[in-house]
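Some notes on the structure that comes next.
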Amino acid sequence: QVQLVESGGGLVQPGGSLKLSCAASARRLDYYGIGWFRQAPGKEREGISCISSSDETTHYADSVKGRFTISRDNAKNTMYLQMNSLKPEDTAVYYCAADPVVDCSVRIESQFFGSWGQGTQVIVSS
């Protein structure tokens, strides 16, 4: 497993932007599939974005498509989630995840991932 540490959460107004970071202890993060999930109070954890390990394709949940962008800097062993046009319904705890073998071409499932960050709170409110 790889250790993941998130940062970048906070309070932002509707329509604003935030960029979450997730630093990984892996020697080669590019060997891993990566993903971002979120969990709002009283709701199940939702997979919102993913990069498959096999072909580097990116995938997004419909709820964030066109507003969020997943990326990674392999030299820094860090993954990112750029969040734009934030809405109050984006309020949640956000988690990064990684695993050597991930295929999220059909869906983004938490069961695909063996390593998780501790979570960072994002609050979208005026």
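Simple scheme: letters A, B, ... for chains in structure tokens order, numbers from 1 for residues in each chain, numbers from 1 for ligands in the order shown.
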Please provide the set of residues having any atom within 12 Å of Ser110 of chain A, restricted to only C-alpha atoms, with same-chain residues fewer than 5 positions apart removed, written as a short mmCIF file (atom, residue, chain, number, x, y, z; two decimals) with C-alpha atoms, in the first residue's frame.
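Once everything was written out, this is result22.cif:
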```cif
data_model
loop_
_atom_site.label_atom_id
_atom_site.label_comp_id
_atom_site.auth_asym_id
_atom_site.auth_seq_id
_atom_site.Cartn_x
_atom_site.Cartn_y
_atom_site.Cartn_z
CA ILE A 34 -5.70 7.12 -8.86
CA GLY A 35 -9.08 8.41 -7.87
CA TRP A 36 -11.01 11.02 -5.92
CA PHE A 37 -14.10 10.32 -3.87
CA ARG A 38 -16.34 12.40 -1.67
CA GLN A 39 -18.83 11.78 1.10
CA GLU A 44 -22.75 7.21 0.63
CA ARG A 45 -19.21 7.73 -0.62
CA GLU A 46 -19.28 8.82 -4.28
CA GLY A 47 -16.55 8.21 -6.82
CA ILE A 48 -16.10 11.43 -8.75
CA SER A 49 -12.92 11.08 -10.78
CA CYS A 50 -10.36 8.47 -11.73
CA TYR A 95 -10.70 11.51 -0.30
CA CYS A 96 -7.90 10.52 -2.65
CA ALA A 97 -7.18 6.89 -3.41
CA ALA A 98 -4.64 4.80 -5.30
CA ASP A 99 -4.07 1.23 -6.38
CA VAL A 102 -7.58 0.23 -11.50
CA ASP A 103 -10.03 0.12 -14.38
CA CYS A 104 -12.64 2.82 -13.93
CA SER A 115 -4.89 2.94 -0.34
CA TRP A 116 -6.76 5.96 0.95
#
```
Segment 3-90 of chain A: which residues are strand (DSSP E or B) by DSSP, as a VMD selection string? chain A and resid 4 to 7 10 to 12 18 to 24 33 to 39 46 to 51 58 to 60 68 to 73 78 to 83
Quick one: everything within 8 Å of Leu29 of chain A, counting only C-alpha atoms, minus sequence neighbours fewer than 4 positions away in the same chain. Send it as a list in words. Ala24, Asn74, Asn77 and Thr78 of chain A
Could you take the residues named above and write them with C-alpha atoms, as a short mmCIF file (atom, residue, chain, number, x, y, z; two decimals), in the first residue's frame?
```cif
data_model
loop_
_atom_site.label_atom_id
_atom_site.label_comp_id
_atom_site.auth_asym_id
_atom_site.auth_seq_id
_atom_site.Cartn_x
_atom_site.Cartn_y
_atom_site.Cartn_z
CA ALA A 24 1.85 9.86 -2.16
CA ASN A 74 4.72 12.12 -11.29
CA ASN A 77 4.39 11.96 -6.57
CA THR A 78 1.31 14.11 -6.11
#
```
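Distances from A:Ser63, A:Thr120, A:Ser53, A:Ser125 to Ser21 of chain A were compared using only C-alpha atoms, and the smallest one belongs to A:Thr120.
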As an NGL selection string, please: all residues of chain A that backbone DSSP puts in helix (DSSP H, G or I). :A and (29-31 or 88-90 or 110-112)
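Across A:Val64, A:Val122, A:Ala75, A:Ile108, the tightest approach to Gly33 of chain A is made by A:Ile108 when counting only C-alpha atoms.
Nearest-residue note for Glu89 of chain A: choosing from A:Glu6, A:Gln13, A:Arg27, A:Val124, the minimum distance belongs to A:Val124, counting only C-alpha atoms.
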Suppose you want the space between atom CA of Ser126 of chain A and atom CA of Leu18 of chain A; what is it in Å?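 A separation of 14.8 Å between them.
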Please identify all polymer residues within 10 Å of Gln82 of chain A, counting only C-alpha atoms, omitting same-chain residues fewer than 4 positions from it, and present them as a short mmCIF file (atom, residue, chain, number, x, y, z; two decimals) with C-alpha atoms, in the first residue's frame.
```cif
data_model
loop_
_atom_site.label_atom_id
_atom_site.label_comp_id
_atom_site.auth_asym_id
_atom_site.auth_seq_id
_atom_site.Cartn_x
_atom_site.Cartn_y
_atom_site.Cartn_z
CA SER A 17 -12.53 27.23 -7.11
CA LEU A 18 -10.33 25.00 -4.99
CA LYS A 19 -7.45 22.70 -5.80
CA LEU A 20 -6.98 19.60 -3.68
CA SER A 21 -3.60 17.92 -3.46
CA ARG A 67 -16.15 21.41 -13.63
CA PHE A 68 -13.50 19.18 -12.01
CA THR A 69 -10.16 18.03 -13.42
CA ILE A 70 -8.00 15.20 -12.12
CA SER A 71 -4.26 15.28 -12.74
#
```
